[in-house]
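Structure file entry-v2.txt (compact mmCIF, C-alpha atoms) follows.
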# COMPACT_ATOMS: atom_id res chain seq x y z
CA MET A 1 91.84 78.69 154.61
CA ALA A 2 93.23 75.28 153.65
CA ASP A 3 93.35 74.84 149.90
CA THR A 4 95.33 71.73 149.22
CA TYR A 5 95.20 68.15 150.36
CA HIS A 6 98.36 68.66 152.41
CA ASP A 7 96.99 71.78 154.07
CA VAL A 8 93.86 69.93 155.15
CA THR A 9 95.86 66.95 156.36
CA ASP A 10 98.09 69.29 158.32
CA LEU A 11 95.06 70.95 159.88
CA VAL A 12 93.64 67.58 160.87
CA GLU A 13 96.91 66.60 162.53
CA LYS A 14 97.07 69.86 164.46
CA ALA A 15 93.40 69.71 165.43
CA ARG A 16 93.88 66.18 166.69
CA ALA A 17 96.76 67.43 168.83
CA GLY A 18 94.33 69.89 170.44
CA ASN A 19 94.94 72.99 168.36
CA ARG A 20 91.65 74.83 168.47
CA ALA A 21 92.48 77.27 165.67
CA SER A 22 93.14 74.37 163.31
CA LEU A 23 89.86 72.77 164.30
CA GLU A 24 88.02 76.00 163.52
CA GLN A 25 89.79 76.24 160.17
CA LEU A 26 88.72 72.69 159.38
CA VAL A 27 85.13 73.59 160.18
CA ASP A 28 85.36 76.66 157.95
CA HIS A 29 86.83 74.55 155.16
CA PHE A 30 84.03 71.97 155.17
CA HIS A 31 81.10 74.04 156.44
CA LYS A 32 79.47 74.83 153.10
CA ASP A 33 80.05 71.37 151.68
CA VAL A 34 78.52 69.63 154.67
CA PHE A 35 75.62 72.07 154.85
CA ARG A 36 74.84 71.59 151.16
CA MET A 37 75.16 67.83 151.46
CA VAL A 38 72.64 67.82 154.31
CA TYR A 39 70.38 70.35 152.60
CA TYR A 40 69.91 68.19 149.49
CA ARG A 41 68.91 65.31 151.72
CA THR A 42 66.46 67.24 153.90
CA TYR A 43 65.33 70.14 151.66
CA SER A 44 65.02 72.20 154.81
CA PRO A 45 67.58 74.97 155.50
CA MET A 46 66.64 75.03 159.17
CA ASP A 47 67.11 71.31 159.63
CA ALA A 48 70.30 71.48 157.57
CA GLU A 49 71.66 74.16 159.94
CA ASP A 50 70.89 72.06 163.01
CA LEU A 51 72.27 68.88 161.53
CA THR A 52 75.42 70.63 160.31
CA GLN A 53 76.03 71.89 163.83
CA GLU A 54 75.60 68.38 165.22
CA ILE A 55 77.86 66.89 162.56
CA PHE A 56 80.72 69.27 163.39
CA MET A 57 80.24 68.67 167.11
CA LYS A 58 80.55 64.98 166.42
CA MET A 59 83.59 65.66 164.26
CA SER A 60 85.34 67.64 166.98
CA LYS A 61 84.67 64.89 169.52
CA SER A 62 85.66 61.97 167.31
CA LEU A 63 88.57 63.47 165.41
CA SER A 64 91.04 61.51 167.50
CA SER A 65 89.51 58.25 166.22
CA LEU A 66 90.24 59.16 162.59
CA LYS A 67 93.06 56.85 161.57
CA ASP A 68 94.12 58.51 158.32
CA ALA A 69 94.19 62.31 158.42
CA GLY A 70 94.04 62.35 154.62
CA SER A 71 90.60 60.73 154.58
CA ILE A 72 88.92 63.48 156.59
CA ARG A 73 86.46 64.35 153.81
CA PRO A 74 84.88 60.90 153.30
CA TRP A 75 85.01 60.36 157.07
CA LEU A 76 83.13 63.60 157.66
CA PHE A 77 80.60 62.77 154.97
CA ARG A 78 80.05 59.40 156.55
CA ILE A 79 79.22 61.12 159.86
CA ALA A 80 76.90 63.45 157.97
CA LEU A 81 75.17 60.62 156.15
CA ASN A 82 74.56 58.70 159.37
CA ARG A 83 73.21 61.81 161.03
CA VAL A 84 70.87 62.45 158.09
CA ARG A 85 69.62 58.87 158.29
CA ASP A 86 68.85 59.31 161.99
CA PHE A 87 67.06 62.53 161.17
CA HIS A 88 64.84 60.85 158.56
CA ARG A 89 64.13 58.00 160.92
CA LYS A 90 62.88 60.41 163.58
CA LYS A 91 61.08 62.56 161.04
CA SER A 92 59.12 59.64 159.65
CA ILE A 93 57.44 59.41 163.06
CA LEU A 94 56.73 63.14 163.26
CA SER A 95 55.82 63.71 159.58
CA PHE A 96 52.12 63.52 160.35
CA PHE A 97 52.29 66.94 162.02
CA GLY A 98 53.90 68.77 159.05
CA THR A 99 52.11 71.84 157.72
CA THR A 100 54.04 73.27 154.78
CA THR A 101 55.81 71.19 152.19
CA GLU A 102 59.57 71.01 152.42
CA LEU A 103 59.98 72.02 148.82
CA GLU A 104 58.08 75.29 149.25
CA ALA A 105 60.04 76.14 152.35
CA ALA A 106 63.30 75.22 150.65
CA ALA A 107 62.59 77.29 147.54
CA GLN A 108 61.55 80.26 149.66
CA ALA A 109 64.65 80.01 151.81
CA THR A 110 66.88 79.70 148.76
CA ALA A 111 65.26 82.68 147.05
CA GLU A 112 65.70 84.75 150.21
CA ASN A 113 69.26 83.62 150.43
CA HIS A 114 70.07 84.66 146.88
CA ASN A 115 67.99 87.81 147.27
CA ASN A 116 67.32 87.90 143.56
CA PRO A 117 63.61 87.70 142.61
CA ALA A 118 64.44 87.19 138.93
CA ASN A 119 65.97 83.83 139.72
CA THR A 120 63.19 82.62 142.00
CA MET A 121 61.36 80.88 139.17
CA MET A 122 64.48 79.07 138.03
CA LEU A 123 65.36 78.09 141.61
CA LYS A 124 61.94 76.63 142.19
CA GLU A 125 62.02 74.81 138.89
CA PHE A 126 65.49 73.42 139.49
CA GLN A 127 64.65 72.21 142.97
CA SER A 128 61.42 70.69 141.71
CA GLN A 129 63.14 68.84 138.85
CA PHE A 130 66.06 67.83 141.01
CA ARG A 131 63.67 66.47 143.61
CA LYS A 132 61.80 64.55 140.90
CA LEU A 133 65.05 63.00 139.75
CA THR A 134 66.19 61.99 143.23
CA ASP A 135 62.73 60.66 144.07
CA SER A 136 62.85 58.46 140.96
CA LEU A 137 66.04 56.82 142.22
CA SER A 138 66.25 54.06 144.78
CA GLN A 139 67.78 55.04 148.10
CA ARG A 140 71.16 53.53 147.23
CA GLU A 141 71.18 54.99 143.71
CA ARG A 142 70.29 58.41 145.13
CA GLU A 143 73.09 58.29 147.68
CA VAL A 144 75.70 57.21 145.16
CA PHE A 145 74.55 59.71 142.52
CA MET A 146 74.54 62.67 144.89
CA LEU A 147 77.81 61.81 146.54
CA ARG A 148 79.42 61.49 143.11
CA PHE A 149 78.00 64.47 141.23
CA VAL A 150 76.81 66.95 143.88
CA ASP A 151 79.37 66.29 146.60
CA HIS A 152 82.18 65.39 144.17
CA LEU A 153 83.49 62.31 145.90
CA GLY A 154 85.36 59.56 144.08
CA ILE A 155 84.12 56.01 143.61
CA ARG A 156 86.54 54.67 146.21
CA GLU A 157 85.54 57.32 148.74
CA ILE A 158 81.84 56.59 148.15
CA ALA A 159 82.49 52.88 148.59
CA GLY A 160 84.19 53.68 151.89
CA ILE A 161 81.38 55.91 153.08
CA LEU A 162 78.63 53.43 152.23
CA LYS A 163 80.75 50.41 153.19
CA LYS A 164 80.05 48.79 149.83
CA GLY A 165 82.32 47.38 147.16
CA GLU A 166 83.44 49.65 144.36
CA SER A 167 81.69 47.46 141.77
CA THR A 168 78.42 47.82 143.70
CA VAL A 169 78.84 51.58 143.77
CA LYS A 170 79.48 51.63 140.02
CA THR A 171 76.39 49.54 139.34
CA HIS A 172 74.20 51.94 141.35
CA LEU A 173 75.84 54.87 139.64
CA TYR A 174 75.22 53.39 136.21
CA ARG A 175 71.52 52.88 136.99
CA ALA A 176 71.21 56.39 138.43
CA ILE A 177 72.79 58.03 135.37
CA LYS A 178 70.48 56.02 133.14
CA LYS A 179 67.46 57.38 135.01
CA PHE A 180 68.97 60.85 134.93
CA ARG A 181 69.18 60.56 131.12
CA GLN A 182 65.48 59.78 131.04
CA ASN A 183 64.47 63.00 132.81
CA PRO A 184 63.55 65.49 130.04
CA GLY A 185 62.53 68.29 132.41
CA LEU A 186 65.88 68.39 134.07
CA HIS A 187 67.69 68.21 130.74
CA ARG A 188 65.77 71.24 129.46
CA LEU A 189 66.70 73.05 132.60
CA LEU A 190 70.34 72.15 132.25
CA LYS A 191 70.36 73.35 128.69
CA GLY A 192 69.08 76.67 129.93
CA GLU A 193 65.67 76.48 128.24
CA LEU A 194 63.94 77.69 131.36
CA LEU A 195 66.32 80.53 132.02
CA MET B 1 83.55 45.41 117.57
CA ASN B 2 84.39 47.07 114.32
CA SER B 3 85.84 50.26 115.64
CA LYS B 4 85.09 52.22 112.50
CA ASN B 5 81.46 51.23 111.97
CA LEU B 6 79.94 50.39 115.36
CA HIS B 7 79.69 53.19 117.84
CA LEU B 8 79.12 52.72 121.55
CA ASN B 9 75.48 52.34 122.54
CA GLU B 10 73.93 54.41 125.36
CA ASP B 11 74.70 51.79 128.01
CA GLN B 12 78.35 51.61 127.02
CA VAL B 13 78.65 55.38 127.00
CA ILE B 14 77.12 55.54 130.48
CA ARG B 15 79.50 52.81 131.64
CA SER B 16 82.39 54.83 130.28
CA VAL B 17 81.14 57.83 132.27
CA VAL B 18 81.05 55.74 135.44
CA ASP B 19 84.53 54.31 134.91
CA GLU B 20 86.33 54.13 131.59
CA ASN B 21 88.62 51.41 132.90
CA ASP B 22 85.69 48.99 133.18
CA LEU B 23 85.12 48.94 129.42
CA THR B 24 86.31 45.95 127.44
CA ALA B 25 89.51 46.42 125.52
CA THR B 26 87.65 46.66 122.17
CA VAL B 27 85.12 49.22 123.40
CA GLY B 28 87.82 51.18 125.16
CA SER B 29 89.93 51.19 122.06
CA HIS B 30 87.02 52.42 119.96
CA LEU B 31 86.21 55.16 122.44
CA SER B 32 89.76 56.41 122.46
CA THR B 33 89.69 56.91 118.70
CA CYS B 34 86.05 57.73 117.89
CA LEU B 35 85.18 61.40 118.14
CA VAL B 36 81.45 60.70 117.93
CA CYS B 37 81.51 58.40 120.95
CA GLN B 38 83.81 60.75 122.84
CA GLY B 39 81.34 63.53 122.09
CA LYS B 40 78.45 61.46 123.52
CA LYS B 41 80.47 60.72 126.62
CA GLN B 42 81.46 64.34 127.08
CA GLN B 43 77.84 65.43 126.64
CA ILE B 44 76.72 63.26 129.54
CA GLU B 45 79.66 64.35 131.64
CA GLN B 46 78.84 67.95 130.84
CA GLN B 47 75.20 67.47 131.88
CA LEU B 48 76.22 65.88 135.14
CA SER B 49 78.80 68.56 135.77
CA THR B 50 76.21 71.30 135.09
CA LEU B 51 73.77 69.54 137.42
CA GLY B 52 76.39 69.49 140.18
CA ARG B 53 77.35 73.11 139.58
CA MET B 54 73.72 74.27 139.64
CA ALA B 55 73.07 72.24 142.77
CA ARG B 56 75.99 73.96 144.45
CA GLU B 57 75.09 77.44 143.24
CA LEU B 58 71.39 77.18 143.97
CA ALA B 59 71.68 75.64 147.40
CA PRO B 60 71.12 78.09 150.23
CA LEU B 61 74.14 79.18 152.20
CA PRO B 62 74.43 78.37 155.87
CA ARG B 63 73.39 81.35 157.98
CA ARG B 64 74.58 80.22 161.36
CA GLU B 65 78.17 79.80 162.41
CA VAL B 66 79.12 76.41 163.73
CA ARG B 67 79.75 76.62 167.46
CA LEU B 68 82.36 74.29 168.79
CA PRO B 69 82.53 73.27 172.44
CA PHE B 70 84.96 75.43 174.42
CA ASP B 71 87.43 73.99 176.88
CA LYS B 72 86.33 76.44 179.56
CA PRO B 73 87.31 75.90 183.22
CA ARG B 74 84.93 73.73 185.08
CA SER B 75 82.33 75.57 187.14
CA LEU B 76 81.58 74.61 190.73
CA TRP B 77 78.37 73.00 189.53
CA SER B 78 80.31 70.68 187.28
CA TRP B 79 82.15 69.37 190.34
CA ARG B 80 78.84 68.34 191.89
CA PRO B 81 79.34 64.58 191.29
CA VAL B 82 82.72 64.79 193.00
CA PHE B 83 81.19 66.61 195.96
CA VAL B 84 78.39 64.08 196.21
CA ALA B 85 80.83 61.17 196.04
CA GLY B 86 83.04 62.79 198.69
CA PHE B 87 80.10 63.44 200.99
CA ALA B 88 78.95 59.86 200.57
CA ALA B 89 82.45 58.61 201.40
CA VAL B 90 82.59 60.78 204.54
CA LEU B 91 79.17 59.48 205.63
CA LEU B 92 80.31 55.91 205.08
CA ILE B 93 83.51 56.38 207.07
CA ALA B 94 81.61 58.13 209.87
CA GLY B 95 79.14 55.26 209.99
CA ILE B 96 81.87 52.66 210.17
CA CYS B 97 83.67 54.60 212.97
CA TRP B 98 80.45 55.05 214.92
CA TYR B 99 79.65 51.35 214.67
CA ALA B 100 83.14 50.39 215.76
CA LEU B 101 83.01 52.86 218.64
CA VAL B 102 79.62 51.71 219.86
CA THR B 103 80.60 48.04 219.62
CA THR B 104 83.87 48.58 221.53
CA SER B 105 82.30 50.70 224.27
CA GLN B 106 79.55 48.13 224.74
CA GLU B 107 82.13 45.39 225.18
CA LYS B 108 84.08 47.53 227.64
CA MET B 109 80.95 48.33 229.56
CA MET B 110 79.96 44.70 229.75
CA SER B 111 83.38 43.61 230.99
CA GLN B 112 83.35 46.39 233.62
CA ILE B 113 79.92 45.35 234.78
CA MET B 114 81.15 41.77 234.99
CA ARG B 115 84.15 42.83 237.08
CA GLU B 116 82.04 44.93 239.41
CA THR B 117 79.51 42.17 239.76
CA LYS B 118 82.28 39.79 240.70
CA LYS B 119 83.63 42.24 243.29
CA ASP B 120 80.14 42.73 244.63
CA GLU B 121 79.69 39.00 244.94
CA GLN B 122 83.03 38.68 246.78
CA LEU B 123 82.09 41.49 249.10
CA MET B 124 78.71 39.95 249.75
CA ALA B 125 80.40 36.63 250.44
CA GLU B 126 82.71 38.27 252.96
CA ILE B 127 79.82 40.06 254.59
CA TYR B 128 77.90 36.84 254.71
CA ALA B 129 80.86 35.04 256.26
CA LEU B 130 81.28 37.79 258.84
CA GLU B 131 77.62 37.64 259.69
CA GLU B 132 77.63 33.85 259.84
CA TYR B 133 80.72 33.57 261.96
CA ALA B 134 80.49 36.81 263.88
CA PRO B 135 82.50 36.83 267.22
CA VAL B 136 80.61 37.23 270.44
CA ASP B 137 80.24 40.76 271.76
CA LEU B 138 82.99 40.23 274.31
CA TYR B 139 85.73 39.84 271.69
CA PRO B 140 85.47 43.24 270.13
CA ASP B 141 85.96 44.67 273.58
CA ILE B 142 88.98 42.45 274.08
CA SER B 143 90.50 43.28 270.73
CA ALA B 144 90.15 46.99 271.12
CA GLU B 145 93.52 48.49 271.52
CA SER B 146 92.81 51.33 273.85
CA ASP B 147 95.85 50.62 276.00
CA VAL B 148 98.82 48.69 274.64
CA GLY B 149 100.42 47.91 277.98
CA TYR B 150 97.22 46.71 279.38
CA PHE B 151 96.66 44.66 276.26
CA ASP B 152 99.95 42.78 276.58
CA GLU B 153 99.31 42.08 280.16
CA PHE B 154 95.86 40.91 279.36
CA LEU B 155 97.10 38.58 276.67
CA ARG B 156 99.59 37.03 278.98
CA PHE B 157 96.75 36.49 281.29
CA VAL B 158 94.48 34.88 278.76
CA SER B 159 97.13 32.87 277.00
CA PRO B 160 100.20 32.52 279.07
CA LEU B 161 103.29 31.70 277.02
CA GLU B 162 105.45 28.81 277.84
CA ALA B 163 108.22 31.16 278.82
CA ASN B 164 105.87 33.15 280.96
CA GLN B 165 104.56 30.00 282.53
CA ASN B 166 108.14 28.92 283.25
CA ALA B 167 108.80 32.30 284.71
CA VAL B 168 105.70 32.04 286.88

Kindly present the structure from the file in structure tokens form.
Amino acid sequence: MADTYHDVTDLVEKARAGNRASLEQLVDHFHKDVFRMVYYRTYSPMDAEDLTQEIFMKMSKSLSSLKDAGSIRPWLFRIALNRVRDFHRKKSILSFFGTTTELEAAAQATAENHNNPANTMMLKEFQSQFRKLTDSLSQREREVFMLRFVDHLGIREIAGILKKGESTVKTHLYRAIKKFRQNPGLHRLLKGELL
Amino acid sequence: MNSKNLHLNEDQVIRSVVDENDLTATVGSHLSTCLVCQGKKQQIEQQLSTLGRMARELAPLPRREVRLPFDKPRSLWSWRPVFVAGFAAVLLIAGICWYALVTTSQEKMMSQIMRETKKDEQLMAEIYALEEYAPVDLYPDISAESDVGYFDEFLRFVSPLEANQNAV
């Protein structure tokens, strides 16, 4: 498993040269990150699985077009973000036929995944509060906030992904943190009051 | 800003969380020395860090492996477009050859017909001339060469040569 920046860059170079093992290692390295990124934008584990598969297929096909091997992470997240946008666009047409809420399905799937009934309450509460926070943000604020604090990307990387200036990204981030500070439910949760 | 008395307000603390380098020199200087303001900043950073950590820990894990496309050898079915293109090319070439062949043979046939027609016309003209200027029935009997010696004698009789006449 690649651990350092140089390892990942090396893997990208090898994968671009057609080394399948390196490509598979790259997928392993980013699989959880990409899945989680998609999950917090769809709140559906099933959809997140499908989209993650599509994102890595796209990655394997387009890897040769990546100019800087060192920027694989923001490049991959940009693919993921575009794919998620397409997904929401299509879903907005089909949303009329939905039966169960995404949040219920997501909480159930997460609880099953952790296989720990004692934490189910906390998981549901966290997802509910987290959803409330992200819903209170504008689309741009939400993207910037999640890329920065959930996906751990830097300001410059986020600016590259969203094709915005760094000052614009900072402005959105400032507004998002301000709204985050005004969310008492989430703060209680973070302090462990609901645990 | 009086660095000892005026602490950073909430907005300034949030701005410092976003990017400390964007603070004015005075505010930045205060932040670097004021433990209260540093504490406020660290509290927000801690909250955001905890939020990110919880989001990571509480997210479900992917259950399916990612399947990448294999570079497997192409099946016969995958060559179908090539086969179709090849078949189409063969049909096209066959069509062109057939057209050329038919056109050439038609031209040949026409020229042959023309030649034969011309021969027929010549033959008919000869026949017509023979019919028109046919010799009387006596001449075929005369021209028949049943006996050479008799024939010479007969010719001398019909058309005596000057030498013969002199001899006579």

Q: Select residues of chain A: the criterion is any atom within 8 Å of an atom of chain B, counting all atoms listed in the file; output as a VMD selection string.
A: chain A and resid 24 27 31 to 32 35 to 36 39 to 40 45 49 52 to 53 56 to 57 60 109 to 110 113 to 114 123 149 to 151 170 173 to 174 177 to 178 187 190

Q | Contacts of A:Leu147 at 12 Å (all atoms listed in the file; same-chain gap of 3+ positions) as JSON, numbers by chain | A | {"A": [33, 34, 36, 37, 38, 40, 41, 73, 74, 77, 78, 80, 81, 140, 141, 142, 143, 144, 150, 151, 152, 153, 154, 155, 156, 157, 158, 159, 160, 161, 162, 169, 172, 173, 176], "B": [52]}

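For the pair atom CA of A:His29 and atom CA of A:Thr42, the separation is 21.7 Å.
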
Q. In Å, how far is it from atom CA of B:Gly39 to atom CA of B:Asn9?
A.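 Computing it gives 12.6 Å between the two atoms.
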
(Q) Rounded to one decimal, what separation in Å do you get between atom CA of A:Ala48 and atom CA of A:Phe145? (A) 19.6 Å

Within 12 Å of (84.7, 57.7, 122.7) (file coordinates; all atoms listed in the file), which protein or nucleic acid residues are there? I'd like them as a PDB file with C-alpha atoms, in the frame of the given file.
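Generated file (selection35.pdb):
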ATOM      1  CA  SER B   3      85.840  50.260 115.640  1.00  0.00           C
ATOM      2  CA  LYS B   4      85.090  52.220 112.500  1.00  0.00           C
ATOM      3  CA  LEU B   6      79.940  50.390 115.360  1.00  0.00           C
ATOM      4  CA  HIS B   7      79.690  53.190 117.840  1.00  0.00           C
ATOM      5  CA  LEU B   8      79.120  52.720 121.550  1.00  0.00           C
ATOM      6  CA  ASN B   9      75.480  52.340 122.540  1.00  0.00           C
ATOM      7  CA  GLU B  10      73.930  54.410 125.360  1.00  0.00           C
ATOM      8  CA  GLN B  12      78.350  51.610 127.020  1.00  0.00           C
ATOM      9  CA  VAL B  13      78.650  55.380 127.000  1.00  0.00           C
ATOM     10  CA  ILE B  14      77.120  55.540 130.480  1.00  0.00           C
ATOM     11  CA  ARG B  15      79.500  52.810 131.640  1.00  0.00           C
ATOM     12  CA  SER B  16      82.390  54.830 130.280  1.00  0.00           C
ATOM     13  CA  VAL B  17      81.140  57.830 132.270  1.00  0.00           C
ATOM     14  CA  GLU B  20      86.330  54.130 131.590  1.00  0.00           C
ATOM     15  CA  LEU B  23      85.120  48.940 129.420  1.00  0.00           C
ATOM     16  CA  THR B  26      87.650  46.660 122.170  1.00  0.00           C
ATOM     17  CA  VAL B  27      85.120  49.220 123.400  1.00  0.00           C
ATOM     18  CA  GLY B  28      87.820  51.180 125.160  1.00  0.00           C
ATOM     19  CA  SER B  29      89.930  51.190 122.060  1.00  0.00           C
ATOM     20  CA  HIS B  30      87.020  52.420 119.960  1.00  0.00           C
ATOM     21  CA  LEU B  31      86.210  55.160 122.440  1.00  0.00           C
ATOM     22  CA  SER B  32      89.760  56.410 122.460  1.00  0.00           C
ATOM     23  CA  THR B  33      89.690  56.910 118.700  1.00  0.00           C
ATOM     24  CA  CYS B  34      86.050  57.730 117.890  1.00  0.00           C
ATOM     25  CA  LEU B  35      85.180  61.400 118.140  1.00  0.00           C
ATOM     26  CA  VAL B  36      81.450  60.700 117.930  1.00  0.00           C
ATOM     27  CA  CYS B  37      81.510  58.400 120.950  1.00  0.00           C
ATOM     28  CA  GLN B  38      83.810  60.750 122.840  1.00  0.00           C
ATOM     29  CA  GLY B  39      81.340  63.530 122.090  1.00  0.00           C
ATOM     30  CA  LYS B  40      78.450  61.460 123.520  1.00  0.00           C
ATOM     31  CA  LYS B  41      80.470  60.720 126.620  1.00  0.00           C
ATOM     32  CA  GLN B  42      81.460  64.340 127.080  1.00  0.00           C
ATOM     33  CA  GLN B  43      77.840  65.430 126.640  1.00  0.00           C
ATOM     34  CA  ILE B  44      76.720  63.260 129.540  1.00  0.00           C
TER      35      ILE B  44
END

**Q.** Who sits within 10 Å of A:Leu26, all atoms listed in the file, same chain under 5 positions skipped, as a VMD selection string
**A.** chain A and resid 1 to 2 7 to 9 11 to 12 15 20 to 21 31 56 59 to 60 72

Working from the structure I just supplied, which lacks atoms in stretch 123-136 of chain B, can you model N, CA, C and O atoms there and output them as a tab-separated table (two decimals), keeping the file's coordinate frame?
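Everything below was put into result15.tsv:
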chain	number	residue	atom	x	y	z
B	123	LEU	N	82.38	40.69	247.91
B	123	LEU	CA	82.09	41.49	249.10
B	123	LEU	C	80.91	40.91	249.89
B	123	LEU	O	80.94	40.80	251.13
B	124	MET	N	79.89	40.52	249.11
B	124	MET	CA	78.71	39.95	249.75
B	124	MET	C	79.07	38.65	250.47
B	124	MET	O	78.54	38.36	251.55
B	125	ALA	N	79.97	37.89	249.82
B	125	ALA	CA	80.40	36.63	250.44
B	125	ALA	C	81.14	36.88	251.75
B	125	ALA	O	80.92	36.19	252.75
B	126	GLU	N	81.99	37.91	251.74
B	126	GLU	CA	82.71	38.27	252.96
B	126	GLU	C	81.75	38.72	254.06
B	126	GLU	O	81.88	38.33	255.24
B	127	ILE	N	80.80	39.55	253.60
B	127	ILE	CA	79.82	40.06	254.59
B	127	ILE	C	79.03	38.90	255.17
B	127	ILE	O	78.79	38.81	256.39
B	128	TYR	N	78.66	38.01	254.26
B	128	TYR	CA	77.90	36.84	254.71
B	128	TYR	C	78.71	36.02	255.70
B	128	TYR	O	78.20	35.61	256.75
B	129	ALA	N	79.99	35.82	255.38
B	129	ALA	CA	80.86	35.04	256.26
B	129	ALA	C	81.02	35.74	257.62
B	129	ALA	O	81.00	35.09	258.67
B	130	LEU	N	81.16	37.04	257.58
B	130	LEU	CA	81.28	37.79	258.84
B	130	LEU	C	80.01	37.68	259.68
B	130	LEU	O	80.08	37.56	260.92
B	131	GLU	N	78.88	37.74	258.96
B	131	GLU	CA	77.62	37.64	259.69
B	131	GLU	C	77.45	36.23	260.27
B	131	GLU	O	76.97	36.06	261.40
B	132	GLU	N	77.83	35.25	259.44
B	132	GLU	CA	77.63	33.85	259.84
B	132	GLU	C	78.53	33.49	261.03
B	132	GLU	O	78.10	32.81	261.96
B	133	TYR	N	79.79	33.92	260.89
B	133	TYR	CA	80.72	33.57	261.96
B	133	TYR	C	81.14	34.81	262.78
B	133	TYR	O	82.30	35.03	263.05
B	134	ALA	N	80.19	35.57	263.13
B	134	ALA	CA	80.49	36.81	263.88
B	134	ALA	C	80.98	36.47	265.30
B	134	ALA	O	80.45	35.57	265.94
B	135	PRO	N	82.04	37.10	265.84
B	135	PRO	CA	82.50	36.83	267.22
B	135	PRO	C	81.51	37.37	268.26
B	135	PRO	O	80.74	38.28	267.94
B	136	VAL	N	81.53	36.77	269.38
B	136	VAL	CA	80.61	37.23	270.44
B	136	VAL	C	80.96	38.66	270.81
B	136	VAL	O	82.08	39.13	270.50
